[in-house]
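Colleague: Below is one structure. I have some questions about it.
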Amino acid sequence: MSNHDPHAKAAGAYGTIAAGTDQRTLEGTILLKAAWQLEELARRLETNTKVSREEIGDVLGYNQKLWQLFVEDMMNDAHPLPQEIKNNIGSLALFVFKRTNEILIDTVPEKFKVLININRNIASGLMKKMPVQAPPRDATAKPLPETTITALDNLA
């Protein structure tokens, strides 16, 4: 039996990648790592490669602990994101936790796809360089709309 602690692995990845990286890129990179692990596990299950319950638990645990870190961050009142986005991240995390439990109960490769897609899509958004918005030229010009995470309804 291995001594892998998914929470320690997720937090450790945070620290290892953090040096010289902005927060958005760091979070995107870690989400992509988790997506890759989930995809690799699903691929092995699809090809009937022997996968231990411990491996499944480690990979799902890493992803779940990563999302738990996001939830804890969103619960911080000092976090600069608007409350609506914090709420959306919380809802998305609840969906991730629910799907993780479903996979643990009935481990089939198809159930991994939504977790992989969530991680990749959020990572993609985080890793995009945010354009610097120039001030409006005149009083009738409108600023660019804020982006929010609203993909939850399309994921299930």
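Residue numbering restarts at 1 in every chain; chains get A, B, ... in the order shown in the structure tokens, and ligands count up from 1 in that same order.
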Kindly provide the residues of region 35-80 of chain A that approach region 96-101 of chain A to within 8 Å, each paired with its closest atom pair and their distance in Å to one decimal, based on only C-alpha atoms, listed by chain and increasing number, as a tab-separated table.

Modeller:
```
residue	atom	partner	partner_atom	distance
A:Leu60	CA	A:Thr100	CA	6.5
A:Gln64	CA	A:Phe97	CA	6.4
A:Trp67	CA	A:Val96	CA	7.7
```

Colleague: Mind checking which residues fall within 8 Å of Ile89 (chain A), counting only C-alpha atoms, ignoring those fewer than 2 positions away in the same chain, and posting them as a VMD selection string?

Modeller: chain A and resid 70 to 71 74 85 to 87 91 to 93 149

Colleague: Can those selected residues be exported to a file as a PDB file, in the first residue's frame so that it contains C-alpha atoms?

Modeller:
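The file below, part.pdb, is the result:
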```
ATOM      1  CA  PHE A  70     -10.403  26.190  -4.455  1.00  0.00           C
ATOM      2  CA  VAL A  71     -13.490  26.075  -2.215  1.00  0.00           C
ATOM      3  CA  MET A  74     -13.445  31.137  -2.261  1.00  0.00           C
ATOM      4  CA  ILE A  85     -18.079  33.923  -9.340  1.00  0.00           C
ATOM      5  CA  LYS A  86     -17.176  32.529  -5.919  1.00  0.00           C
ATOM      6  CA  ASN A  87     -20.642  30.967  -5.750  1.00  0.00           C
ATOM      7  CA  SER A  91     -21.338  24.994  -7.182  1.00  0.00           C
ATOM      8  CA  LEU A  92     -18.894  23.548  -9.670  1.00  0.00           C
ATOM      9  CA  ALA A  93     -16.845  22.065  -6.824  1.00  0.00           C
ATOM     10  CA  ILE A 149     -18.110  30.536 -14.854  1.00  0.00           C
TER      11      ILE A 149
END
```

Colleague: Using only C-alpha atoms, which of the listed residues (A:Val59, A:Leu81, A:Leu94, A:Val51) sits closest to Gln37 (chain A)?

Modeller: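 With only C-alpha atoms as the atom set, the closest residue is A:Val59.
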
Colleague: May I have the residues within 9 Å of Thr25 (chain A) as number ranges by chain, using only C-alpha atoms and disregarding those fewer than 6 positions away in the same chain?

Modeller: A: 123, 126-128

Colleague: Keeping only N, CA and C atoms, take the residues you just selected and write them out as an mmCIF file, in the first residue's frame.

Modeller:
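For reference, result.cif as written:
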```
data_model
loop_
_atom_site.group_PDB
_atom_site.id
_atom_site.type_symbol
_atom_site.label_atom_id
_atom_site.label_comp_id
_atom_site.auth_asym_id
_atom_site.auth_seq_id
_atom_site.Cartn_x
_atom_site.Cartn_y
_atom_site.Cartn_z
ATOM 1 N N ALA A 123 -9.044 25.374 -16.615
ATOM 2 C CA ALA A 123 -7.621 25.659 -16.814
ATOM 3 C C ALA A 123 -7.405 26.563 -18.022
ATOM 4 N N LEU A 126 -8.306 30.048 -17.089
ATOM 5 C CA LEU A 126 -7.336 30.626 -16.164
ATOM 6 C C LEU A 126 -6.026 31.004 -16.859
ATOM 7 N N MET A 127 -5.635 30.216 -17.845
ATOM 8 C CA MET A 127 -4.330 30.414 -18.464
ATOM 9 C C MET A 127 -4.342 31.412 -19.617
ATOM 10 N N LYS A 128 -5.528 31.849 -20.013
ATOM 11 C CA LYS A 128 -5.599 32.875 -21.054
ATOM 12 C C LYS A 128 -5.096 34.181 -20.468
#
```

Colleague: Of the candidates A:Leu31, A:Leu115, A:Leu45, A:Val108, which shows the shortest atom-to-atom distance to Leu66 (chain A), using only C-alpha atoms?

Modeller: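 Closest residue, counting only C-alpha atoms: A:Leu31.
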
Colleague: For a test of reading the model, state the distance in Å between CA of Arg53 (chain A) and CA of Asp106 (chain A), rounded to one decimal.

Modeller: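 Interatomic distance, CA of Arg53 (chain A) to CA of Asp106 (chain A): 11.6 Å.
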
Colleague: Can you measure CA of Glu110 (chain A) to CA of Glu72 (chain A) for me? One decimal in Å is fine.

Modeller: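 A separation of 28.7 Å between them.
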
Colleague: Here is a test: counting only C-alpha atoms, which residue of A:Gly57, A:Ile118, A:Asn76, A:Asp22 is nearest to Ala35 (chain A)?

Modeller: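 Comparing A:Gly57, A:Ile118, A:Asn76, A:Asp22 against Ala35 (chain A), the winner is A:Ile118.
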